[in-house]
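**Student:** Input: one structure, supplied below.
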Amino acid sequence: MKKILYTLTLSLVLFSCKEEKKEVAETTDNGLITVTKSLFTNMEMQIATPIEQDFDVTVKASGKIDVPPQNRAKITTFVGGFIKTSKLLIGDKISKRQALVTIESTEVVDIQKEYIEVAEQISYLKSEFERQKTLFDEKITSQKNYLKAESDYKSAKGRYNSLRQKLVMFNINLSQVERGKIASTITLFAPISGDITVMNASVGMAVSRSDVILEIVNNADLHIELSVFEKDILNIKENQIIKFTVPEASKEVFQGKVHLIGKSIEGNDRTANVHGHLDDNVKQKLLTGMFIEAGIVTNRKKGFAVPKDALGVENDKNFVLLLKSEDIKSYHFQKVQVETGTSTDEFVEIIPNKEVNSTSKILIKGVFDIIN
């Protein structure tokens with residue numbers, strides 16, 4: 001039994017020792033990083049030289065996804081009152097002319113009463129004006145009486161037309177009012193189709209003329225609104241490609257095109273507005289109000305590129321692992337700081353220096369495994 005336990009313990013010790021001998025890259029006294037060829041093979045590392053590649057020259061900008069003014073509607077009321085009915089929620093889809101909320105208002109009642117009174121007076125005032133005009137033409141009455149009758153009639157007619165127009169704006173049936181049927185509520189209808197993005201209405205809530213009860217946005221015509229600094233604006237031309245991301249929502253890179261360029265520099269930050277259009281397939285993935293970071297492609301240039309995996313970062317500075325020498329057993333790399341330029345989804349431009357150039361051999365796969 002003791003022999004079995006001794007054999008088991010010895011096996012565990014040998015296994016532990018074997019595990020402890022796992023290969024790792026080593027840094028020598030001269031600062032070189034040594035990687036054995038067996039480790040290089042096991043970790044599937046790769047060495048390559050920088051390749052020449054086309055890169056976009058871009059102007060950096062920021063902005064948001066927006067809609068044209070005609071695709072955004074803020075619903076307010078023309079009179080003060082109280083919300084009587086409200087069944088809609090944020091996100092509900094709305095059709096043009098659909099009923100939104102009803103408002104109960106004493107002010108609406110007063111306008112209808114005044115309209116009825118003026119409508120009853122206007123017939124009398126009109127006939128009196130015509131009578132005074134006839135008498136004046138026949139020199140039977142004075143000019144004063146004629147002018148007063150004319151003034152009273154035209155004043156009443158103006159009030160009548162004004163009140164009538166208000167009731168039309170309230171969507172109140174005029175023929176019902178003229179028959180003495182007075183409504184105490186008005187209904188607000190949607191001026192556009194779209195989605196509700198703001199909803200400030202609840203039953204019983206008091207509202208005034210300045211209150212935004214709800215807001216409707218039609219996302220059918222989403223576009224890009226960017227702010228471009230004064231120093232860059234002259235490089236922007238119509239139909240240039242806009243590449244942008246929505247940092248808070250996705251890492252995906254979307255594309256649009258420059259459509260309109262502002263003709264003035266505004267604000268303390270000295271920027272001009274650039275308006276961009278989007279394809280329909282891109283619009284479906286975005287929402288109005290999203291903040292975006294963009295690059296407007298103004299030119300193309302050639303540069304030396306390495307895969308993004310070839311770059312390491314130390315103290316906020318980029319470096320590559322440059323192959324300095326090779327022997328039978330190992331590769332020897334030197335950590336060399338580099339300056340980067342523009343980038344694509346897979347590659348990043350490196351600016352050649354006295355140590356790194358187009359013929360340099362660089363570790364392009366496995367950097368992360370070595371430095372961590």
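All residue names refer to the structure tokens as shown: chains lettered A, B, ... in order, residues numbered from 1 in each chain, ligands numbered from 1 in order.
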Could you pull out the strand (DSSP E) residues of stretch 1-250 of chain A, going by DSSP on the backbone, and write them as JSON, numbers by chain?

**Tutor:** {"A": [26, 27, 33, 34, 35, 36, 46, 47, 48, 51, 52, 53, 54, 55, 56, 57, 58, 59, 60, 61, 62, 63, 64, 65, 66, 72, 73, 74, 75, 81, 82, 83, 84, 85, 86, 93, 94, 99, 100, 101, 102, 103, 104, 185, 186, 187, 188, 189, 194, 195, 196, 197, 198, 199, 206, 207, 214, 215, 216, 217, 223, 224, 225, 226, 227, 228, 229, 241, 242, 243, 244, 245]}

**Student:** Using only C-alpha atoms, find each residue in stretch 116-228 of chain A having at least one atom no more than 7 Å away from stretch 264-280 of chain A; report its shortest atom-to-atom pair and that distance in Å (one decimal), rows by chain then rising number, as a tab-separated table.

**Tutor:**
```
residue	atom	partner	partner_atom	distance
A:His223	CA	A:His277	CA	5.1
A:Ile224	CA	A:Gly276	CA	4.7
A:Glu225	CA	A:His275	CA	4.9
A:Leu226	CA	A:Val274	CA	5.0
A:Ser227	CA	A:Asn273	CA	4.9
A:Val228	CA	A:Thr271	CA	5.2
```

**Student:** Restricting it to C-alpha atoms, dump the selection as a PDB file, in the first residue's frame.

**Tutor:**
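After the write, again-v4.pdb holds the following:
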```pdb
ATOM      1  CA  HIS A 223     -29.632  61.849 -42.832  1.00  0.00           C
ATOM      2  CA  ILE A 224     -26.300  62.897 -41.339  1.00  0.00           C
ATOM      3  CA  GLU A 225     -25.648  66.323 -39.820  1.00  0.00           C
ATOM      4  CA  LEU A 226     -21.927  66.948 -39.190  1.00  0.00           C
ATOM      5  CA  SER A 227     -19.894  69.845 -37.809  1.00  0.00           C
ATOM      6  CA  VAL A 228     -16.612  70.374 -39.673  1.00  0.00           C
TER       7      VAL A 228
END
```

**Student:** With distances taken over only C-alpha atoms, which residue among A:Asn200, A:Ser210, A:Gln46, A:Ser360 lies nearest A:Asp309?

**Tutor:**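 That would be A:Gln46, the residue with the smallest distance to A:Asp309.
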
**Student:** Might you pull out every residue within 10 Å of A:Lys157, with only C-alpha atoms counted and same-chain residues fewer than 2 positions away left off, and present them as an MDAnalysis selection string?

**Tutor:** chainID A and resid 118:119 121:123 125:126 151:155 159:163

**Student:** Given only C-alpha atoms as the basis, pick out the residue of A:Ile33, A:Ala305, A:Val338, A:Ala294 nearest to A:Ser325.

**Tutor:**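 Residue with the minimum atom-to-atom distance to A:Ser325: A:Ile33.
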
**Student:** Measuring atom to atom with only C-alpha atoms, identify which of A:Leu89, A:Ile83, A:Thr49, A:Ala220 is nearest to A:Val306.

**Tutor:**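 Closest candidate: A:Thr49.
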
**Student:** Please provide the set of residues having any atom within 7 Å of stretch 203-207 of chain A, restricted to only C-alpha atoms, with same-chain residues fewer than 4 positions apart removed, written as a PyMOL selection string.

**Tutor:** chain A and resi 80-86+211

**Student:** Run DSSP on the backbone and tell me which residues of stretch 146-230 of chain A come out as alpha helix (DSSP H); list them as a PyMOL selection string.

**Tutor:** chain A and resi 146-169+174-178+230

**Student:** If you count only C-alpha atoms, which residues fall within 9 Å of A:Leu322, apart from same-chain ones fewer than 2 positions away, as a list in words?

**Tutor:**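 The filter keeps Val320, Lys324, His332, Phe333, Gln334, Lys335, Val336, Glu355, Val356, Ser360, Lys361, Ile362 and Leu363 of chain A.
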
**Student:** What's the 12 Å shell around A:Phe291, counting only C-alpha atoms, without same-chain residues fewer than 2 positions away, as a list in words?

**Tutor:**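 These residues fall inside the cut-off: Ala61, Ser62, Gly63, Lys64, Ile65, Asp66, Ile224, Glu225, Leu226, Ser227, Phe244, Thr245, Val246, Pro247, Glu248, Ala249, Ser250, Leu286, Leu287, Thr288, Gly289, Glu293 and Ala294 of chain A.
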
**Student:** Just write the chosen residues, C-alpha atoms, as an mmCIF file, in the first residue's frame.

**Tutor:**
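Saved as selection.cif:
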```
data_model
loop_
_atom_site.group_PDB
_atom_site.id
_atom_site.type_symbol
_atom_site.label_atom_id
_atom_site.label_comp_id
_atom_site.auth_asym_id
_atom_site.auth_seq_id
_atom_site.Cartn_x
_atom_site.Cartn_y
_atom_site.Cartn_z
ATOM 1 C CA ALA A 61 -16.006 65.323 -37.826
ATOM 2 C CA SER A 62 -18.774 64.607 -35.357
ATOM 3 C CA GLY A 63 -22.507 65.071 -35.450
ATOM 4 C CA LYS A 64 -25.775 63.174 -35.271
ATOM 5 C CA ILE A 65 -28.413 61.286 -37.200
ATOM 6 C CA ASP A 66 -31.340 63.593 -37.895
ATOM 7 C CA ILE A 224 -26.300 62.897 -41.339
ATOM 8 C CA GLU A 225 -25.648 66.323 -39.820
ATOM 9 C CA LEU A 226 -21.927 66.948 -39.190
ATOM 10 C CA SER A 227 -19.894 69.845 -37.809
ATOM 11 C CA PHE A 244 -18.954 56.870 -39.516
ATOM 12 C CA THR A 245 -19.634 54.900 -36.356
ATOM 13 C CA VAL A 246 -22.167 55.188 -33.543
ATOM 14 C CA PRO A 247 -19.779 54.777 -30.556
ATOM 15 C CA GLU A 248 -22.487 54.225 -27.954
ATOM 16 C CA ALA A 249 -24.354 51.560 -29.918
ATOM 17 C CA SER A 250 -22.123 49.639 -32.307
ATOM 18 C CA LEU A 286 -30.113 53.832 -37.206
ATOM 19 C CA LEU A 287 -32.305 56.081 -35.074
ATOM 20 C CA THR A 288 -32.752 59.820 -35.100
ATOM 21 C CA GLY A 289 -30.661 61.639 -32.503
ATOM 22 C CA GLU A 293 -18.078 60.091 -35.125
ATOM 23 C CA ALA A 294 -17.187 60.378 -38.792
#
```

**Student:** Determine the nearest neighbour of A:Phe229 from the options A:Leu100, A:Gly262, A:Glu252, A:Leu188, counting only C-alpha atoms.

**Tutor:**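 Going through A:Leu100, A:Gly262, A:Glu252, A:Leu188 one by one, the smallest distance to A:Phe229 is for A:Gly262.
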